[in-house]
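Enquirer: Structure file protein32.txt (compact mmCIF, C-alpha atoms and all ligand atoms) right here:
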```
# COMPACT_ATOMS: atom_id res chain seq x y z
CA MET A 1 0.00 0.00 0.00
CA ALA A 2 1.31 3.51 -0.90
CA SER A 3 2.62 5.04 2.31
CA PRO A 4 1.44 8.60 3.04
CA SER A 5 5.03 9.84 2.71
CA GLN A 6 5.55 8.36 -0.74
CA ARG A 7 6.31 11.02 -3.35
CA ILE A 8 4.10 10.90 -6.44
CA GLY A 9 4.95 12.34 -9.86
CA TRP A 10 2.93 12.97 -13.03
CA PHE A 11 3.78 13.64 -16.68
CA GLY A 12 1.17 14.39 -19.36
CA LEU A 13 -1.61 16.95 -19.05
CA GLY A 14 -3.73 16.46 -22.17
CA SER A 15 -7.50 15.84 -22.33
CA MET A 16 -7.19 12.85 -20.03
CA GLY A 17 -4.12 13.60 -17.94
CA LEU A 18 -5.13 16.94 -16.44
CA GLY A 19 -8.39 15.67 -14.95
CA MET A 20 -6.68 12.54 -13.61
CA ALA A 21 -3.80 14.49 -12.07
CA LEU A 22 -6.19 16.97 -10.45
CA ASN A 23 -8.08 14.13 -8.79
CA LEU A 24 -4.81 12.63 -7.59
CA GLN A 25 -3.56 15.94 -6.20
CA LYS A 26 -6.88 16.48 -4.34
CA HIS A 27 -6.50 13.01 -2.79
CA LEU A 28 -2.88 13.65 -1.73
CA ARG A 29 -3.90 16.94 -0.15
CA ILE A 30 -6.73 15.32 1.84
CA LYS A 31 -4.35 12.59 3.04
CA GLY A 32 -1.69 15.13 4.05
CA SER A 33 0.78 13.48 1.65
CA PRO A 34 3.54 15.34 -0.23
CA PRO A 35 2.04 17.27 -3.17
CA LEU A 36 2.08 15.89 -6.71
CA ARG A 37 5.11 16.92 -8.78
CA TYR A 38 4.06 17.33 -12.38
CA SER A 39 5.39 18.25 -15.78
CA ASN A 40 4.13 18.45 -19.33
CA ARG A 41 5.56 19.38 -22.72
CA SER A 42 3.40 22.53 -22.49
CA LEU A 43 3.93 23.29 -18.82
CA SER A 44 1.39 26.14 -18.75
CA LYS A 45 -1.43 23.58 -19.04
CA GLY A 46 -0.62 22.65 -15.43
CA GLN A 47 -1.84 25.95 -13.95
CA PRO A 48 -5.04 24.38 -12.49
CA LEU A 49 -2.83 21.74 -10.84
CA LYS A 50 -0.52 24.37 -9.43
CA ASP A 51 -3.58 26.23 -8.11
CA ALA A 52 -4.60 22.95 -6.41
CA GLY A 53 -1.24 22.78 -4.61
CA ALA A 54 0.83 20.57 -6.93
CA ILE A 55 4.44 21.46 -7.77
CA PRO A 56 5.57 22.08 -11.37
CA GLU A 57 8.84 20.59 -12.59
CA ASP A 58 10.71 21.64 -15.73
CA ASP A 59 10.95 18.20 -17.25
CA PHE A 60 10.28 14.47 -16.93
CA GLU A 61 13.75 13.77 -15.53
CA SER A 62 13.09 16.10 -12.57
CA VAL A 63 9.73 14.45 -11.91
CA VAL A 64 11.40 11.03 -11.91
CA GLN A 65 14.25 12.13 -9.70
CA LYS A 66 11.92 13.57 -7.06
CA SER A 67 9.23 10.84 -7.05
CA ASP A 68 8.83 7.25 -5.88
CA ILE A 69 5.80 6.53 -8.08
CA ILE A 70 5.63 8.17 -11.53
CA PHE A 71 2.44 8.25 -13.60
CA THR A 72 2.48 9.04 -17.33
CA MET A 73 -0.48 9.88 -19.58
CA ILE A 74 0.86 10.79 -23.00
CA SER A 75 -0.26 10.34 -26.58
CA ASN A 76 1.57 7.36 -28.02
CA ASP A 77 4.36 4.76 -28.03
CA ASP A 78 7.04 7.11 -29.41
CA VAL A 79 6.46 9.62 -26.63
CA LEU A 80 6.55 6.94 -23.95
CA ASN A 81 9.79 5.54 -25.40
CA GLU A 82 11.32 9.05 -25.48
CA LEU A 83 10.40 9.62 -21.84
CA LEU A 84 11.81 6.28 -20.76
CA THR A 85 15.07 6.96 -22.60
CA LYS A 86 15.32 10.27 -20.73
CA ALA A 87 14.73 8.54 -17.39
CA LEU A 88 17.17 5.75 -18.18
CA THR A 89 19.97 8.03 -19.38
CA ALA A 90 19.58 10.86 -16.84
CA GLY A 91 21.89 9.03 -14.47
CA GLY A 92 19.84 9.28 -11.27
CA PRO A 93 18.98 6.13 -9.30
CA LEU A 94 15.82 4.36 -10.47
CA ALA A 95 15.88 1.32 -8.17
CA GLY A 96 12.65 0.85 -6.23
CA LYS A 97 10.68 3.38 -8.30
CA ILE A 98 7.33 2.41 -9.83
CA PHE A 99 6.45 3.75 -13.29
CA VAL A 100 2.73 3.60 -14.13
CA ASP A 101 1.81 4.33 -17.73
CA THR A 102 -1.90 5.02 -18.22
CA SER A 103 -1.73 5.80 -21.97
CA THR A 104 -2.80 3.40 -24.70
CA VAL A 105 0.32 1.83 -26.22
CA HIS A 106 1.20 -1.42 -27.98
CA PRO A 107 1.77 -4.52 -25.79
CA ASP A 108 5.36 -4.77 -27.11
CA THR A 109 6.05 -1.20 -25.95
CA CYS A 110 4.90 -2.21 -22.46
CA ALA A 111 7.09 -5.31 -22.48
CA SER A 112 10.14 -3.31 -23.58
CA ALA A 113 9.50 -0.65 -20.90
CA SER A 114 9.17 -3.34 -18.26
CA GLN A 115 12.42 -4.99 -19.30
CA GLN A 116 14.46 -1.78 -19.52
CA LEU A 117 13.22 -0.42 -16.18
CA GLY A 118 13.56 -3.85 -14.57
CA GLU A 119 17.26 -3.88 -15.46
CA LYS A 120 17.62 -0.71 -13.33
CA GLY A 121 15.67 -2.18 -10.43
CA ALA A 122 12.51 -0.20 -11.20
CA VAL A 123 9.04 -1.59 -11.89
CA PHE A 124 6.76 -0.82 -14.85
CA ILE A 125 3.00 -1.10 -14.48
CA ALA A 126 0.94 -0.94 -17.68
CA SER A 127 -2.32 0.69 -16.76
CA PRO A 128 -4.38 1.96 -19.72
CA VAL A 129 -7.80 3.35 -18.88
CA PHE A 130 -11.35 3.07 -20.18
CA GLY A 131 -13.54 6.20 -20.27
CA ALA A 132 -13.44 9.54 -22.07
CA SER A 133 -12.15 12.87 -20.70
CA PRO A 134 -15.35 13.79 -18.75
CA VAL A 135 -15.09 10.37 -17.06
CA ALA A 136 -11.43 11.10 -16.24
CA ALA A 137 -12.40 14.46 -14.74
CA ALA A 138 -15.11 12.75 -12.67
CA GLY A 139 -12.60 10.18 -11.32
CA LYS A 140 -14.63 7.28 -12.72
CA LEU A 141 -12.22 5.61 -15.15
CA ILE A 142 -11.76 1.85 -15.34
CA PHE A 143 -8.07 0.92 -15.07
CA SER A 144 -6.79 -2.17 -16.86
CA VAL A 145 -3.67 -2.96 -14.83
CA ALA A 146 -0.83 -5.44 -15.33
CA GLY A 147 2.56 -5.91 -13.72
CA SER A 148 4.06 -6.87 -10.36
CA SER A 149 1.18 -7.67 -8.00
CA GLU A 150 3.10 -6.12 -5.11
CA ALA A 151 3.51 -2.84 -7.00
CA VAL A 152 -0.15 -2.95 -8.05
CA GLU A 153 -1.15 -3.22 -4.37
CA THR A 154 1.03 -0.17 -3.71
CA ILE A 155 -0.64 1.99 -6.34
CA LYS A 156 -4.23 0.78 -5.81
CA PRO A 157 -5.07 3.42 -3.16
CA LEU A 158 -4.01 6.12 -5.62
CA ILE A 159 -6.43 4.80 -8.22
CA VAL A 160 -9.63 3.37 -6.72
CA ASP A 161 -12.08 6.12 -5.66
CA VAL A 162 -9.42 8.69 -6.63
CA MET A 163 -8.98 8.52 -10.41
CA GLY A 164 -11.05 5.46 -11.13
CA ARG A 165 -14.08 3.46 -10.18
CA SER A 166 -12.38 0.09 -10.53
CA ILE A 167 -9.29 -1.89 -11.49
CA ILE A 168 -9.26 -4.94 -13.74
CA TYR A 169 -6.06 -6.78 -12.76
CA MET A 170 -4.65 -8.63 -15.76
CA GLY A 171 -1.76 -10.41 -14.03
CA GLU A 172 2.01 -9.93 -14.07
CA ASP A 173 2.46 -9.88 -17.88
CA VAL A 174 2.36 -6.18 -18.78
CA ARG A 175 1.25 -6.96 -22.34
CA LYS A 176 -2.14 -8.16 -21.14
CA SER A 177 -3.62 -4.86 -19.94
CA SER A 178 -2.63 -3.18 -23.19
CA LEU A 179 -4.24 -6.03 -25.11
CA LEU A 180 -7.48 -5.57 -23.18
CA LYS A 181 -7.43 -1.81 -23.83
CA ILE A 182 -6.81 -2.30 -27.54
CA SER A 183 -9.63 -4.87 -27.69
CA GLY A 184 -11.89 -2.35 -25.98
CA ASN A 185 -11.01 0.23 -28.60
CA ILE A 186 -11.83 -2.22 -31.41
CA LEU A 187 -15.34 -1.99 -29.97
CA VAL A 188 -15.37 1.78 -29.38
CA ILE A 189 -14.09 2.70 -32.85
CA SER A 190 -16.34 0.12 -34.52
CA PHE A 191 -19.39 1.41 -32.63
CA LEU A 192 -18.59 4.92 -33.90
CA GLU A 193 -18.28 3.52 -37.41
CA VAL A 194 -21.62 1.67 -37.44
CA ILE A 195 -23.52 4.47 -35.71
CA SER A 196 -22.11 6.87 -38.30
CA GLU A 197 -23.32 4.60 -41.08
CA ALA A 198 -26.79 4.38 -39.52
CA GLN A 199 -26.95 8.15 -38.93
CA VAL A 200 -26.04 8.91 -42.55
CA PHE A 201 -28.69 6.38 -43.59
CA ALA A 202 -31.21 8.20 -41.36
CA GLU A 203 -30.32 11.53 -42.94
CA VAL A 204 -30.39 10.52 -46.61
CA THR A 205 -33.62 8.52 -46.27
CA GLY A 206 -35.40 11.34 -44.43
CA LEU A 207 -35.91 9.16 -41.34
CA GLY A 208 -34.26 11.84 -39.19
CA THR A 209 -31.16 11.67 -37.03
CA GLU A 210 -33.00 12.70 -33.83
CA GLN A 211 -35.47 9.86 -34.15
CA LEU A 212 -32.68 7.35 -34.72
CA GLU A 213 -30.79 8.72 -31.73
CA GLN A 214 -33.88 8.31 -29.54
CA PHE A 215 -34.02 4.68 -30.61
CA ILE A 216 -30.29 4.14 -30.01
CA GLY A 217 -30.57 5.52 -26.47
CA SER A 218 -33.69 3.50 -25.61
CA MET A 219 -32.47 0.28 -27.14
CA PHE A 220 -28.71 0.30 -26.44
CA GLY A 221 -28.30 2.55 -23.40
CA PRO A 222 -26.33 5.64 -22.41
CA VAL A 223 -22.92 4.71 -23.82
CA LEU A 224 -24.06 4.26 -27.42
CA ASP A 225 -26.38 7.24 -26.94
CA SER A 226 -23.31 9.34 -26.06
CA TYR A 227 -21.49 8.05 -29.15
CA SER A 228 -24.45 9.04 -31.32
CA LYS A 229 -24.45 12.49 -29.71
CA ARG A 230 -20.75 12.97 -30.57
CA ILE A 231 -21.96 12.64 -34.16
CA THR A 232 -25.23 14.58 -34.11
CA THR A 233 -24.07 17.47 -31.90
CA GLY A 234 -21.20 18.13 -34.27
CA ALA A 235 -18.58 17.23 -31.61
CA TYR A 236 -16.89 15.07 -34.26
CA ALA A 237 -15.58 18.36 -35.72
CA PRO A 238 -15.49 20.83 -32.80
CA PRO A 239 -14.57 24.53 -33.10
CA LEU A 240 -10.85 24.92 -33.76
CA ASP A 241 -10.25 26.34 -30.27
CA THR A 242 -11.88 23.30 -28.60
CA PRO A 243 -9.74 20.16 -28.38
CA PRO A 244 -11.48 16.97 -29.52
CA GLY A 245 -12.49 14.60 -26.70
CA PHE A 246 -10.70 11.59 -28.23
CA ALA A 247 -8.61 12.80 -31.15
CA ALA A 248 -8.86 10.97 -34.50
CA ALA A 249 -5.05 10.61 -34.50
CA LEU A 250 -5.16 8.70 -31.20
CA ALA A 251 -7.99 6.43 -32.39
CA SER A 252 -6.01 5.77 -35.59
CA LYS A 253 -3.00 4.72 -33.50
CA ASP A 254 -5.18 2.29 -31.54
CA ALA A 255 -6.80 0.91 -34.70
CA LYS A 256 -3.36 0.35 -36.27
CA HIS A 257 -2.16 -1.46 -33.15
CA ALA A 258 -5.27 -3.69 -33.21
CA LEU A 259 -4.95 -4.45 -36.93
CA SER A 260 -1.26 -5.30 -36.72
CA ILE A 261 -1.83 -7.59 -33.73
CA ALA A 262 -4.75 -9.26 -35.54
CA GLU A 263 -2.62 -9.79 -38.64
CA LYS A 264 0.16 -11.32 -36.56
CA HIS A 265 -2.38 -13.79 -35.20
CA GLY A 266 -3.86 -14.62 -38.61
CA THR A 267 -7.18 -12.87 -38.15
CA ARG A 268 -8.87 -9.73 -39.57
CA ILE A 269 -11.11 -6.98 -38.21
CA PRO A 270 -12.91 -5.70 -41.35
CA THR A 271 -15.14 -3.18 -39.56
CA LEU A 272 -12.08 -1.61 -37.98
CA GLU A 273 -10.30 -1.56 -41.35
CA VAL A 274 -13.17 0.50 -42.79
CA ALA A 275 -13.18 2.78 -39.75
CA LEU A 276 -9.42 3.38 -40.02
CA SER A 277 -9.63 4.21 -43.70
CA ARG A 278 -12.50 6.65 -43.00
CA LEU A 279 -10.55 8.20 -40.11
CA THR A 280 -7.54 8.64 -42.38
CA ALA A 281 -9.69 10.28 -45.05
CA ALA A 282 -11.24 12.56 -42.39
CA ARG A 283 -7.79 13.68 -41.17
CA GLU A 284 -6.68 14.36 -44.76
CA TYR A 285 -9.80 16.43 -45.40
CA ALA A 286 -10.30 18.24 -42.08
CA GLY A 287 -6.92 18.21 -40.34
CA GLU A 288 -6.10 17.01 -36.84
CA SER A 289 -8.70 19.02 -34.88
CA ILE A 290 -11.25 16.28 -35.20
CA ASP A 291 -12.60 13.60 -32.90
CA SER A 292 -12.54 9.84 -33.47
CA ALA A 293 -16.25 10.18 -34.33
CA ALA A 294 -15.17 11.99 -37.53
CA VAL A 295 -15.60 8.69 -39.39
CA TYR A 296 -19.07 10.25 -39.69
CA GLY A 297 -17.74 13.16 -41.75
CA THR A 298 -16.19 10.76 -44.26
CA ALA A 299 -19.35 8.64 -44.33
CA ARG A 300 -21.30 11.84 -45.11
CA ARG A 301 -18.96 12.74 -47.96
CA GLU A 302 -19.24 9.24 -49.42
CA ALA A 303 -23.03 9.73 -49.42
CA GLY A 304 -22.75 13.04 -51.30
CA LEU A 305 -23.26 15.20 -48.18
CA PRO A 306 -20.80 17.84 -46.94
CA PHE A 307 -18.20 16.63 -44.37
CA TRP A 308 -19.46 19.34 -42.01
CA SER A 309 -22.95 18.97 -40.53
CA GLU A 310 -25.19 21.85 -39.47
CA ASN A 311 -23.93 21.41 -35.86
CA SER A 312 -20.20 20.93 -36.52
CA ARG A 313 -17.69 23.62 -37.33
CA GLN A 314 -18.02 24.67 -40.94
CA GLY A 315 -14.43 24.36 -42.19
CA ASN A 316 -10.91 25.14 -41.15
N1 LIG B 1 -9.25 10.98 -24.97
C1 LIG B 1 -9.83 9.83 -24.66
O1 LIG B 1 -11.07 9.68 -24.71
C2 LIG B 1 -8.98 8.68 -24.21
C3 LIG B 1 -9.59 7.66 -23.45
C4 LIG B 1 -8.80 6.61 -22.97
C5 LIG B 1 -7.44 6.56 -23.30
N2 LIG B 1 -6.89 7.54 -24.08
C6 LIG B 1 -5.44 7.44 -24.36
O2 LIG B 1 -4.80 8.26 -23.39
C7 LIG B 1 -3.65 8.89 -23.96
C8 LIG B 1 -3.77 10.41 -23.84
O3 LIG B 1 -4.96 10.83 -24.51
P1 LIG B 1 -5.43 12.35 -24.48
O4 LIG B 1 -6.78 12.37 -25.10
O5 LIG B 1 -5.21 12.94 -23.13
O6 LIG B 1 -4.37 12.98 -25.52
P2 LIG B 1 -3.97 14.51 -25.70
O7 LIG B 1 -5.02 15.41 -25.18
O8 LIG B 1 -3.56 14.63 -27.12
O9 LIG B 1 -2.69 14.67 -24.75
C9 LIG B 1 -1.48 14.05 -25.11
C10 LIG B 1 -0.42 14.32 -24.05
O10 LIG B 1 0.85 13.83 -24.55
C11 LIG B 1 1.77 14.93 -24.59
N3 LIG B 1 2.67 14.81 -25.75
C12 LIG B 1 2.33 14.65 -27.04
N4 LIG B 1 3.45 14.59 -27.82
C13 LIG B 1 4.50 14.73 -26.98
C14 LIG B 1 5.91 14.75 -27.16
N5 LIG B 1 6.45 14.60 -28.37
N6 LIG B 1 6.69 14.89 -26.05
C15 LIG B 1 6.15 15.03 -24.82
N7 LIG B 1 4.82 15.02 -24.59
C16 LIG B 1 4.01 14.87 -25.65
C17 LIG B 1 0.91 16.16 -24.71
O11 LIG B 1 1.65 17.31 -24.34
P3 LIG B 1 1.08 18.78 -24.71
O12 LIG B 1 0.04 19.09 -23.67
O13 LIG B 1 2.28 19.65 -24.62
O14 LIG B 1 0.51 18.70 -26.11
C18 LIG B 1 -0.21 15.80 -23.73
O15 LIG B 1 0.23 15.94 -22.39
C19 LIG B 1 -3.55 8.37 -25.39
O16 LIG B 1 -2.69 7.26 -25.44
C20 LIG B 1 -4.99 7.97 -25.71
O17 LIG B 1 -5.04 6.98 -26.71
C21 LIG B 1 -7.61 8.61 -24.52
```
When written as structure tokens, how does the structure in this file appear?
Ligand SMILES: NC(=O)c1ccc[n+]([C@@H]2O[C@H](COP(=O)([O-])OP(=O)(O)OC[C@H]3O[C@@H](n4cnc5c(N)ncnc54)[C@H](OP(=O)(O)O)[C@@H]3O)[C@@H](O)[C@H]2O)c1
Expert:
Amino acid sequence: MASPSQRIGWFGLGSMGLGMALNLQKHLRIKGSPPLRYSNRSLSKGQPLKDAGAIPEDDFESVVQKSDIIFTMISNDDVLNELLTKALTAGGPLAGKIFVDTSTVHPDTCASASQQLGEKGAVFIASPVFGASPVAAAGKLIFSVAGSSEAVETIKPLIVDVMGRSIIYMGEDVRKSSLLKISGNILVISFLEVISEAQVFAEVTGLGTEQLEQFIGSMFGPVLDSYSKRITTGAYAPPLDTPPGFAAALASKDAKHALSIAEKHGTRIPTLEVALSRLTAAREYAGESIDSAAVYGTARREAGLPFWSENSRQGN
């Protein structure tokens, strides 16, 4: 169990990371523990954390040096690898430290992180999360956790009822939690794809997108209702000054991971293949300020409708 004097660090303050770190800092403050030390590529994004009593650090190396448990929430495998290289080459002692990555990265990236940190006497816990940014802000994420069971027991009190509602423990093999997360995103991205197809069908046939959404909510519940709303409210292409909830680039990364793993195991995921190609087309047409639900924009274009809907932004 994390002792109250243990020093906790955080790197990564994007859509997900800021809300998670704020919840963690609030918890540390209530417990009278040392404040969270945080950093981010754009450090200014940490102002709300600083206001909550956390301590900014110039870079990841400083966070690592001054912390016993280090959480990361960054965009992709390359960034995680860069951070680990910095930690491994900075020269400070790493033995006994626990690194907890909550991003979505490939199982092989987790295995490599675990091996490299293990050689320095540190522990790597792979802990991707389920839930979008409002869920992160509400402290209700589901954590898919794998790695040393002893280290998992240590970090549990920093997760359950702090940043998350529950932990699914996937065992000591760090690849497993990443595999679960990627499987989950096969579902999420595919749901967005099929709802987009149905919503375009509703529009071109004159059925009406509101009526279909009412049915989706009644029949399939609040999660698929919220996916439909990301399409119909125009959140798939938000105003340029509003970051997307789950960026198309991040969903594309997850889809590519899933497809390459499937190929390696001799299977295919055709729905995801279509979704990835529509996401790619959406990014080429509308740029990177689009949500993973922007498969809808491409589906609209393929049906002869404009990419932009009456509720989305109207261009770049
Ligand atoms: N959004 C979701 O709904 C959701 C849900 C579950 C899991 N995830 C996963 O969680 C992770 C984070 O997602 P997010 O939505 O929070 O992404 P995001 O808003 O794009 O934030 C990405 C974070 O990574 C940092 N970063 C990017 N490139 C970097 C670089 N080259 N060097 C250092 N830092 C870099 C960003 O720094 P800056 O602030 O300086 O840009 C930011 O802190 C991803 O792996 C994603 O797949 C997302």
Enquirer: Within 6 Å of ligand LIG 1 (chain B), which residues show up when you count all atoms listed in the file? List them as a PyMOL selection string, please.
Expert: chain A and resi 12-17+40-42+73-76+79+103-104+129-133+245-246+250
Enquirer: If you take all atoms listed in the file and a cut-off of 12 Å, which residues of region 129-218 of chain A touch region 58-72 of chain A, and what are their nearest atom pairs and distances in Å to one decimal, in chain and number order, as CSV?
Expert:
```
residue,atom,partner,partner_atom,distance
A:Val129,CA,A:Thr72,CA,11.9
A:Ala151,CA,A:Ile69,CA,9.7
A:Val152,CA,A:Ile69,CA,11.2
A:Thr154,CA,A:Ile69,CA,9.3
A:Ile155,CA,A:Ile69,CA,8.1
A:Lys156,CA,A:Ile69,CA,11.8
A:Leu158,CA,A:Ile69,CA,10.1
A:Ile159,CA,A:Phe71,CA,10.9
A:Met163,CA,A:Phe71,CA,11.9
```
Enquirer: Rank nothing, just name the residue among A:Ser228, A:Val200, A:Ala294, A:Asp51 nearest to Glu213 (chain A), using only C-alpha atoms.
Expert: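 The answer is A:Ser228, which sits nearest to Glu213 (chain A).
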Enquirer: Expressed in Å to a single decimal, how great is the separation between CA of Gln214 (chain A) and CA of Thr271 (chain A)?
Expert: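 If I compute the distance from CA of Gln214 (chain A) to CA of Thr271 (chain A), I get 24.2 Å.
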Enquirer: Would you write out, as a Markdown table, a table of all residues in region 3-90 of chain A that have an atom no more than 12 Å from an atom of region 118-121 of chain A, listing for each the closest atom pair and the distance in Å to one decimal, considering only C-alpha atoms and ordering rows by chain and rising residue number?
Expert:
```
| residue | atom | partner | partner_atom | distance |
| --- | --- | --- | --- | --- |
| A:Leu84 | CA | A:Lys120 | CA | 11.7 |
| A:Ala87 | CA | A:Lys120 | CA | 10.5 |
| A:Leu88 | CA | A:Lys120 | CA | 8.1 |
| A:Thr89 | CA | A:Lys120 | CA | 10.9 |
```
Enquirer: Any idea what the distance is between CA of Ala198 (chain A) and CA of Ile231 (chain A)?
Expert: 11.0 Å
Enquirer: What separation in Å, quoted to one decimal, exists between CA of Ala249 (chain A) and CA of Arg230 (chain A)?
Expert: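 Interatomic distance here is 16.4 Å.
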Enquirer: Considering all atoms listed in the file, can you say which of A:Tyr236, A:Phe99, A:Tyr296, A:Phe191 comes closest to Leu224 (chain A)?
Expert: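 Looking at the shortest contact to Leu224 (chain A), the residue is A:Phe191.
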Enquirer: Set up a box along x, y and z of the file covering all listed atoms of region 115-123 of chain A, add 4 Å on every one of the six sides, and write the centre and edge lengths in Å to one decimal, as AutoDock Vina command-line options.
Expert:
```
--center_x 13.3 --center_y -2.6 --center_z -15.0 --size_x 16.6 --size_y 12.8 --size_z 17.1
```
Enquirer: Please determine, counting all atoms listed in the file, which residue among A:Asp241, A:Asp161, A:Glu302, A:Glu197 has the shortest atom-to-atom distance to Lys26 (chain A).
Expert: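 With all atoms listed in the file as the atom set, the closest residue is A:Asp161.
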Enquirer: Check the smallest atom-to-atom distance from each of A:Ala299, A:Val162, A:Ile55, A:Val123 to His27 (chain A) using all atoms listed in the file, then report the winner.
Expert: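 Using all atoms listed in the file, His27 (chain A) sits closest to A:Val162.
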Enquirer: Compare A:Thr209, A:Leu18, A:Gln199, A:Leu24 by their minimum atom-to-atom distance to Leu43 (chain A), counting all atoms listed in the file, and give me the closest one.
Expert: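 Closest to Leu43 (chain A) of all the choices is A:Leu18.
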Enquirer: With 7 Å as the threshold, what does the neighbourhood of (-10.8, 10.4, -37.1) contain in terms of residues, counting only C-alpha atoms? Coordinates are those of the file; answer as a list in words.
Expert: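 Counting only C-alpha atoms, I find these residues within 7 Å of (-10.8, 10.4, -37.1): Ala247, Ala248, Ala249, Ala251, Ser252, Leu279, Thr280, Ala282, Arg283, Ile290, Asp291, Ser292, Ala293, Ala294 and Val295 of chain A.
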Enquirer: When you look at Ser144 (chain A) with a cut-off of 6 Å (counting all atoms listed in the file), what residues show up, excluding the ones that are within fewer than 3 positions of it in the same chain? I need them as a list in words.
Expert: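 Close residues of Ser144 (chain A): Ser127, Pro128, Val129, Ile167, Ile168 and Ser177 of chain A.
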Enquirer: Selection from above, C-alpha atoms, as a CSV table (one decimal), in the coordinates of the input, can you write it?
Expert:
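Okay, this is what ended up in out_2.csv:
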```
chain,number,residue,atom,x,y,z
A,127,SER,CA,-2.3,0.7,-16.8
A,128,PRO,CA,-4.4,2.0,-19.7
A,129,VAL,CA,-7.8,3.4,-18.9
A,167,ILE,CA,-9.3,-1.9,-11.5
A,168,ILE,CA,-9.3,-4.9,-13.7
A,177,SER,CA,-3.6,-4.9,-19.9
```
